[in-house]
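File shown: upload08.csv. Contents: CSV, C-alpha atoms.
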```csv
chain,number,residue,atom,x,y,z
A,15,MET,CA,5.0,-20.6,-0.6
A,16,SER,CA,2.4,-19.0,-2.9
A,17,ASP,CA,2.7,-15.5,-4.4
A,18,GLU,CA,-1.1,-15.3,-4.6
A,19,ARG,CA,-2.2,-11.7,-3.8
A,20,LYS,CA,-5.7,-10.3,-3.4
A,21,GLN,CA,-6.4,-7.1,-5.3
A,22,PHE,CA,-8.7,-4.3,-4.2
A,23,LYS,CA,-8.9,-0.5,-3.9
A,24,ILE,CA,-8.1,1.6,-0.9
A,25,TYR,CA,-8.4,5.3,-0.1
A,26,LEU,CA,-5.5,7.2,1.4
A,27,PRO,CA,-6.8,10.4,3.2
A,28,ARG,CA,-3.2,11.8,3.4
A,29,MET,CA,0.2,11.3,1.8
A,30,VAL,CA,2.0,8.1,2.9
A,31,HIS,CA,5.8,7.8,2.9
A,32,GLY,CA,7.8,4.5,3.2
A,33,ASP,CA,9.6,3.8,6.5
A,34,PHE,CA,13.3,4.3,6.8
A,35,PRO,CA,15.5,2.4,5.8
A,36,PHE,CA,13.3,0.4,3.5
A,37,GLY,CA,11.3,2.3,1.0
A,38,HIS,CA,11.7,5.7,2.6
A,39,HIS,CA,12.0,7.2,-0.9
A,40,LEU,CA,8.5,5.9,-1.9
A,41,VAL,CA,5.5,8.1,-1.6
A,42,ALA,CA,1.8,7.6,-2.2
A,43,GLN,CA,-0.4,10.7,-2.7
A,44,PRO,CA,-3.8,11.0,-1.2
A,45,GLY,CA,-6.7,9.5,-3.1
A,46,VAL,CA,-7.9,6.1,-4.4
A,47,HIS,CA,-5.3,3.5,-5.3
A,48,ASP,CA,-5.0,-0.1,-6.4
A,49,ALA,CA,-3.8,-2.3,-3.6
A,50,VAL,CA,-2.8,-5.9,-2.9
A,51,ALA,CA,-2.7,-8.0,0.2
A,52,ASN,CA,-0.4,-11.0,0.7
A,53,GLN,CA,-1.3,-14.3,2.4
A,54,HIS,CA,-0.7,-12.8,5.8
A,55,GLY,CA,-3.0,-9.8,5.2
A,56,ALA,CA,-0.3,-7.2,4.8
A,57,VAL,CA,-1.6,-4.4,2.5
A,58,SER,CA,0.5,-2.5,-0.1
A,59,VAL,CA,-0.4,0.3,-2.4
A,60,VAL,CA,0.6,-0.3,-6.1
A,61,LEU,CA,2.4,2.8,-7.2
A,62,ALA,CA,2.4,4.1,-10.7
A,63,GLU,CA,5.9,2.7,-11.4
A,64,GLY,CA,4.7,-0.8,-10.3
A,65,LYS,CA,6.5,-0.7,-7.0
A,66,LEU,CA,4.6,-1.7,-3.8
A,67,LEU,CA,4.4,0.6,-0.7
A,68,GLY,CA,3.2,-1.1,2.5
A,69,VAL,CA,0.6,0.8,4.4
A,70,LYS,CA,-0.5,0.5,8.0
A,71,PRO,CA,-4.1,-0.2,9.0
A,72,ASP,CA,-4.6,3.4,10.2
A,73,GLU,CA,-3.3,4.9,7.0
A,74,TYR,CA,-6.1,3.7,4.6
A,75,GLU,CA,-9.7,2.8,4.2
A,76,ARG,CA,-10.8,-0.1,2.0
A,77,VAL,CA,-13.0,1.1,-0.9
A,78,GLN,CA,-13.8,-2.1,-2.7
```
This entry written out as structure tokens:
Amino acid sequence: MSDERKQFKIYLPRMVHGDFPFGHHLVAQPGVHDAVANQHGAVSVVLAEGKLLGVKPDEYERVQ
């Protein structure tokens, strides 16, 4: 299984919190963020501390 990820930018119009019980302590502020997608198309925001926060399709707009 490959860990190849596509990198791009997304815009979050509002704050996004992780879902309980996994990542519920992670928060992404509104604005433009680096993001990655795995081989299945799941999109995650790259947070400042290097952690990934998964986002749902209705929570972001692709910028680049």
Using all atoms listed in the file, list the residues that have an atom at most 12 Å from (-7.2, -9.7, -8.2), coordinates as in the file, as a ChimeraX atom specification. /A:18-23,48-52,78
Quick one: distance from atom CA of Lys70 of chain A to atom CA of Phe34 of chain A in Å, one decimal? 14.4 Å
Between A:Tyr74, A:Val60, A:His39, A:Leu66, which residue has the minimum interatomic distance to Pro27 of chain A, considering only C-alpha atoms?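 Using only C-alpha atoms, the shortest distance to Pro27 of chain A belongs to A:Tyr74.
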In Å, with one decimal, what is the gap from atom CA of Phe36 of chain A to atom CA of Gln53 of chain A?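 For atom CA of Phe36 of chain A relative to atom CA of Gln53 of chain A, the distance reads 20.7 Å.
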Which residue out of A:Asp72, A:Val77, A:Leu26, A:Glu63 has the minimum interatomic distance to Leu40 of chain A when all atoms listed in the file are used?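 Once distances to Leu40 of chain A are computed over all atoms listed in the file, the minimum belongs to A:Glu63.
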Taking into account only C-alpha atoms, which residue in the set A:Gly45, A:Gly37, A:Gly64, A:Gly32 is nearest to Arg76 of chain A?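 Checking each of A:Gly45, A:Gly37, A:Gly64, A:Gly32 against Arg76 of chain A, counting only C-alpha atoms, the winner is A:Gly45.
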So, with all atoms listed in the file as the atoms that count, which of A:His38, A:His31, A:Gln43, A:Val57 lies closest to Glu75 of chain A?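 Going through A:His38, A:His31, A:Gln43, A:Val57 one by one, the smallest distance to Glu75 of chain A is for A:Val57.
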Gap from atom CA of His54 of chain A to atom CA of Met29 of chain A - Å, one decimal: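 If I compute the distance from atom CA of His54 of chain A to atom CA of Met29 of chain A, I get 24.4 Å.
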